[in-house]
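Working notes for the structure below.
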Protein chains: 2
Amino acid sequence: MPMKRYLMAPGPTPVPEEVLAAGARPILHHRGPDFRELMSRCLGRLQEVFRTRNDILVFTASGSGGFESAVVNLLSPGDPVLVVSSGEFGERWSALVSVYGATVDELRYAWGETPRPEDLRARLAESPAEVVVVVHSETSTGVVADVEALATVVREAGALTVVDAVSSLGAVPLETDSWGLDVVVAGSQKALMTPPGLSVLAVSDRAWERAATSSTPRFYFDWEKLRASLETGSTPFTPAVSIVVSLDAALGMLLEEGLDNAFARHAALGRACREGAKAMGLELFSPDEERSAIVTAILTPDGVNARDLVLALRERFGITVAGGHGDLGARMFRIGHIGYYDVFDITTALAAVEVLLAESGVEIERGAAVARALEAFRESAGVV
Amino acid sequence: MPMKRYLMAPGPTPVPEEVLAAGARPILHHRGPDFRELMSRCLGRLQEVFRTRNDILVFTASGSGGFESAVVNLLSPGDPVLVVSSGEFGERWSALVSVYGATVDELRYAWGETPRPEDLRARLAESPAEVVVVVHSETSTGVVADVEALATVVREAGALTVVDAVSSLGAVPLETDSWGLDVVVAGSQKALMTPPGLSVLAVSDRAWERAATSSTPRFYFDWEKLRASLETGSTPFTPAVSIVVSLDAALGMLLEEGLDNAFARHAALGRACREGAKAMGLELFSPDEERSAIVTAILTPDGVNARDLVLALRERFGITVAGGHGDLGARMFRIGHIGYYDVFDITTALAAVEVLLAESGVEIERGAAVARALEAFRESAGVV
């Protein structure tokens with residue numbers, strides 16, 4: 001038998017068979033009525049998932065392409081921007097904003113810290129910004145920020161809030177309209193259970209007003225050109241048609257489950273993963289709190305190199321988890337539990353880690369991790 | 001029975017079932033060894049198709065995203081650029097280059113004309129340019145330019161040649177290295193028989209040298225960042241993994257057919273389509289010559305609105321062909337024959353057009369188009 005494969009990285013994530021099958025249907029022409037109808041429905045479904053009445057944009061690009069669209073449409077050279085940064089993706093935003101000539105200030109935390117609204121308030125009072133970038137789920141550390149509280153501070157300061165929700169949209173609560181978020185950027189390949197290739201955005205009226213005056217050159221990532229075309233159900237340039245078809249199918253599944261149910265499931269999965277890891281005696285890098293429902297970052301015991309563990313999980317068991325970025329590579333591994341994921345994926349990951357750690361001579365109470373994970377899931381989700 | 005669908009637009013084009021199935025396989029992690037191996041093989045196959053030893057780049061984007069990457073990597077504001085333009089895509093290039101502040105000169109022809117090397121030589125002598133953009137296949141008109149001759153003129157003038165080969169790569173001869181092409185941009189969704197979502201480029205050493213000094217800001221479309229990552233088999237940002245898997249499968253099929261055989265097939269398909277249309281008494285807008293092997297642009301008889309014909313083909317027979325852009329909309333329709341396409345697709349398109357025109361009262365010798373198309377295909381391809 002060929003080795004079974006388990007994709008447990010924090011993105012791209014496993015795609016349901018029905019969604020893969022939808023993407024394998026014969027190609028639709030992007031200017032034909034079938035596609036226009038499908039794209040229009042997909043935009044409506046995205047509004048439900050973003051919980052917004054704002055315009056939705058769909059770019060054929062990685063999530064970082066969506067980030068870039070926010071930068072080139074909102075900012076002109078010299079504009080003061082504050083990036084709240086506590087990991088890989090915060091740093092990427094700073095680099096991106098700098099490239100386009102805006103003046104970047106960083107509210108920078110150590111990797112793994114959770115941004116604090118009071119720090120943001122103090123920083124904005126000291127050095128005002130017109131646009132503030134907040135990473136909702138910092139995939140490199142497992143931290144999920146309190147975007148509602150942070151956005152309130154930004155709005156009080158009269159600035160616009162841009163939220164990187166690539167790995168959070170559809171997994172943890174995000175209320176675009178009631179939290180007053182101006183731009184929310186996500187990707188197809190995380191909780192939306194779709195292959196990578198599309199970046200989706202929700203854009204507020206305030207953001208459109210700002211975009212109308214931005215002087216940064218843009219063509220492929222121009223928002224206004226895309227909006228005008230999407231109003232007719234198509235796009236200015238040939239989109240990744242098959243991924244749009246997949247996305248529409250996946251959004252249908254997500255909305256059928258119900259967003260609140262999906263949030264509860266992710267919270268329970270995160271709880272199960274953290275409790276299981278602790279029951280094995282492992283130390284968490286991710287905060288051990290309800291919001292940390294996207295990816296669990298775990299430190300290996302002394303004497304166990306995380307890189308070796310990640311490699312062995314893949315080679316021995318066909319399980320792909322993520323390592324740690326940069327200096328954390330030797331100590332950290334990350335189990336993603338976003339999207340098409342249930343509690344038995346958690347127990348599979350934990351069981352495999354247990355086998356390898358026990359083989360490495362780590363003293364582990366065998367079976368405790370899986371038992372505790374199942375118990376924690378039931379406590380949280382009320383099932384299993 | 002549900003209506004059968006026939007995608008006969010000049011892109012996106014039909015995707016072989018095997019390629020659709022490849023794209024529906026479980027998602028690979030883009031930093032894992034399986035994907036790295038596949039991406040590396042795919043880059044090698046692309047080199048064969050581009051007929052080059054130059055570096056290959058793969059962006060998750062529409063073809064126009066690939067165009068933009070060429071502009072922002074090669075050009076600084078004020079750089080003199082000449083765009084050879086004879087249709088929709090030439091005009092798009094001019095708009096794009098202008099947005100980024102280069103100084104655009106246009107060698108502009110009426111839509112449907114074929115660019116002439118002697119005009120290019122005269123223009124470059126009169127107003128030198130550092131970069132010249134040439135559209136290989138102008139999908140809006142059916143014209144395929146003599147890129148070899150045009151590139152020779154550009155090289156003699158000491159400039160760099162950028163070729164838009166989105167709809168031509170894999171369908172008509174294109175020799176990146178022996179013609180001395182500096183940048184060739186293509187897309188996954190035409191003759192490469194893959195769903196849309198990837199733009200692929202071949203970049204020469206001269207182009208890399210120029211890119212090293214360009215001052216235009218870039219992040220998502222930065223060539224150097226992508227090259228460094230592709231050398232390890234991955235990409236800086238999560239790519240459209242499933243489309244890369246499809247592309248690899250489709251390139252395997254194309255190379256198994258053999259590029260020269262694919263070129264001969266496309267030439268024969270173009271010949272069959274033009275001969276069939278003429279046998280029906282229709283006037284061609286596309287040049288009636290060997291190179292015109294991508295899309296056949298045809299004018300409707302007096303009294304027949306092409307928009308009505310295009311609509312009826314779709315609603316009555318499930319056949320998607322393209323209309324004409326702008327002013328040509330009432331008179332022109334375009335049959336694409338790129339990629340996964342054989343002579344019976346041509347006869348299907350012609351037969352359906354014949355039925356509708358006859359119903360509109362056009363005097364047509366019934367059956368002549370299909371008979372002549374089959375005959376012309378055999379004369380050209382030596383089979384059927």
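Just so we're on the same page: first chain in the structure tokens is A, next is B, and so on; residues restart at 1 for each chain, and ligands are numbered from 1 in the order they show up.
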- request: Could you list, as an MDAnalysis selection string, the residues of chain A having an atom within 7 Å of chain B when counting only C-alpha atoms?
  value: chainID A and resid 12 14:15 20:21 23:24 26:27 29 60:62 64:65 68 96 99:100 195:197 217:220 237:242
message: What's around Gln47 (chain B) at 12 Å? Count only C-alpha atoms, leave out sequence neighbours fewer than 2 positions away in its own chain, and write the answer as an MDAnalysis selection string.
response: chainID B and resid 40:45 49:58 169:170 174:177 184 200:204 251 255
Next, write the just-selected residues to a file, as a compact mmCIF listing (two decimals), in the first residue's frame, keeping C-alpha atoms as the atom set.
# COMPACT_ATOMS: atom_id res chain seq x y z
CA SER B 40 11.71 21.18 -10.50
CA ARG B 41 10.54 18.73 -13.17
CA CYS B 42 7.93 21.22 -14.31
CA LEU B 43 10.57 23.95 -14.69
CA GLY B 44 12.65 21.58 -16.81
CA ARG B 45 9.67 20.79 -19.00
CA VAL B 49 8.66 24.12 -24.32
CA PHE B 50 10.21 27.60 -24.33
CA ARG B 51 13.23 26.05 -26.07
CA THR B 52 15.60 27.79 -23.75
CA ARG B 53 18.31 27.35 -21.17
CA ASN B 54 17.22 30.60 -19.52
CA ASP B 55 15.68 30.71 -16.07
CA ILE B 56 11.99 29.89 -15.87
CA LEU B 57 9.70 31.74 -13.47
CA VAL B 58 6.23 30.63 -12.39
CA LEU B 169 3.55 29.10 -26.49
CA GLY B 170 3.20 25.43 -27.37
CA LEU B 174 8.80 29.98 -30.66
CA GLU B 175 12.53 29.63 -30.14
CA THR B 176 13.52 31.60 -27.09
CA ASP B 177 17.26 30.99 -27.37
CA VAL B 184 8.90 35.51 -22.96
CA VAL B 200 5.21 31.45 -16.76
CA LEU B 201 8.24 33.36 -18.03
CA ALA B 202 11.65 32.70 -19.53
CA VAL B 203 14.22 35.36 -18.61
CA SER B 204 17.60 35.84 -20.32
CA LEU B 251 3.51 19.51 -20.19
CA LEU B 255 6.26 16.82 -24.82
task: Identify, with DSSP run on backbone atoms, the residues in region 89-146 of chain A assigned to alpha helix (DSSP H), and express the list as number ranges by chain.
output: A: 89-99, 117-126
message: I want to know what sits within 12 Å of Val355 (chain B), based on only C-alpha atoms, with residues of the same chain fewer than 3 positions away left out; could you give that as a VMD selection string?
response: chain B and resid 280 309 312 to 313 316 to 317 348 to 352 358 to 367 369 to 370
Write the residues of the selection above to a file with C-alpha atoms, as a PDB file, in the first residue's frame.
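Result file out_22.pdb:
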ATOM      1  CA  MET B 280     -19.212  28.554 -46.312  1.00  0.00           C
ATOM      2  CA  LEU B 309     -24.591  34.265 -33.475  1.00  0.00           C
ATOM      3  CA  ALA B 312     -27.145  31.297 -30.214  1.00  0.00           C
ATOM      4  CA  LEU B 313     -24.131  28.995 -30.434  1.00  0.00           C
ATOM      5  CA  ARG B 316     -28.681  26.281 -28.700  1.00  0.00           C
ATOM      6  CA  PHE B 317     -25.587  24.079 -28.861  1.00  0.00           C
ATOM      7  CA  THR B 348     -18.299  20.830 -34.785  1.00  0.00           C
ATOM      8  CA  ALA B 349     -17.804  24.585 -34.685  1.00  0.00           C
ATOM      9  CA  LEU B 350     -18.258  24.973 -38.437  1.00  0.00           C
ATOM     10  CA  ALA B 351     -21.317  22.712 -38.556  1.00  0.00           C
ATOM     11  CA  ALA B 352     -23.011  24.653 -35.789  1.00  0.00           C
ATOM     12  CA  ALA B 358     -28.741  28.863 -42.820  1.00  0.00           C
ATOM     13  CA  GLU B 359     -31.582  29.459 -40.375  1.00  0.00           C
ATOM     14  CA  SER B 360     -30.924  33.191 -40.691  1.00  0.00           C
ATOM     15  CA  GLY B 361     -31.466  32.926 -44.423  1.00  0.00           C
ATOM     16  CA  VAL B 362     -27.848  33.062 -45.518  1.00  0.00           C
ATOM     17  CA  GLU B 363     -27.340  31.058 -48.710  1.00  0.00           C
ATOM     18  CA  ILE B 364     -24.870  28.320 -47.887  1.00  0.00           C
ATOM     19  CA  GLU B 365     -23.891  25.184 -49.718  1.00  0.00           C
ATOM     20  CA  ARG B 366     -24.744  22.752 -46.937  1.00  0.00           C
ATOM     21  CA  GLY B 367     -21.917  20.452 -45.855  1.00  0.00           C
ATOM     22  CA  ALA B 369     -17.535  23.755 -44.804  1.00  0.00           C
ATOM     23  CA  VAL B 370     -17.056  20.483 -42.966  1.00  0.00           C
TER      24      VAL B 370
END
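Closest approach to Ala267 (chain A) from the set A:Asp222, A:Glu289, A:Asp308, A:Glu315 is made by A:Glu289, with distances taken over only C-alpha atoms.
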field: All residues 7 Å or closer to region 142-146 of chain B, only C-alpha atoms, same chain fewer than 3 positions away omitted, as JSON, numbers by chain
entry: {"B": [112, 114, 115, 136, 137, 138, 139, 149, 150, 286, 287, 291, 292, 294, 295, 296, 297]}
Atoms to include: C-alpha atoms. Write the selected residues as a PDB file, in the first residue's frame.
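Output file selection_16.pdb follows:
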ATOM      1  CA  GLY B 112      -5.777  42.843 -37.868  1.00  0.00           C
ATOM      2  CA  THR B 114       0.617  42.115 -39.187  1.00  0.00           C
ATOM      3  CA  PRO B 115       3.622  44.047 -37.790  1.00  0.00           C
ATOM      4  CA  HIS B 136       3.397  36.989 -30.642  1.00  0.00           C
ATOM      5  CA  SER B 137      -0.228  35.951 -31.055  1.00  0.00           C
ATOM      6  CA  GLU B 138      -2.687  38.854 -30.964  1.00  0.00           C
ATOM      7  CA  THR B 139      -5.675  36.884 -29.737  1.00  0.00           C
ATOM      8  CA  ALA B 149      12.264  38.706 -37.714  1.00  0.00           C
ATOM      9  CA  LEU B 150      11.083  41.376 -35.283  1.00  0.00           C
ATOM     10  CA  SER B 286      -7.520  36.631 -39.533  1.00  0.00           C
ATOM     11  CA  PRO B 287      -4.712  36.532 -42.076  1.00  0.00           C
ATOM     12  CA  ARG B 291       1.196  31.189 -38.881  1.00  0.00           C
ATOM     13  CA  SER B 292      -2.444  32.011 -38.095  1.00  0.00           C
ATOM     14  CA  ILE B 294      -4.209  30.014 -32.803  1.00  0.00           C
ATOM     15  CA  VAL B 295      -7.599  31.567 -33.354  1.00  0.00           C
ATOM     16  CA  THR B 296      -9.603  32.209 -36.495  1.00  0.00           C
ATOM     17  CA  ALA B 297     -11.434  35.526 -36.574  1.00  0.00           C
TER      18      ALA B 297
END
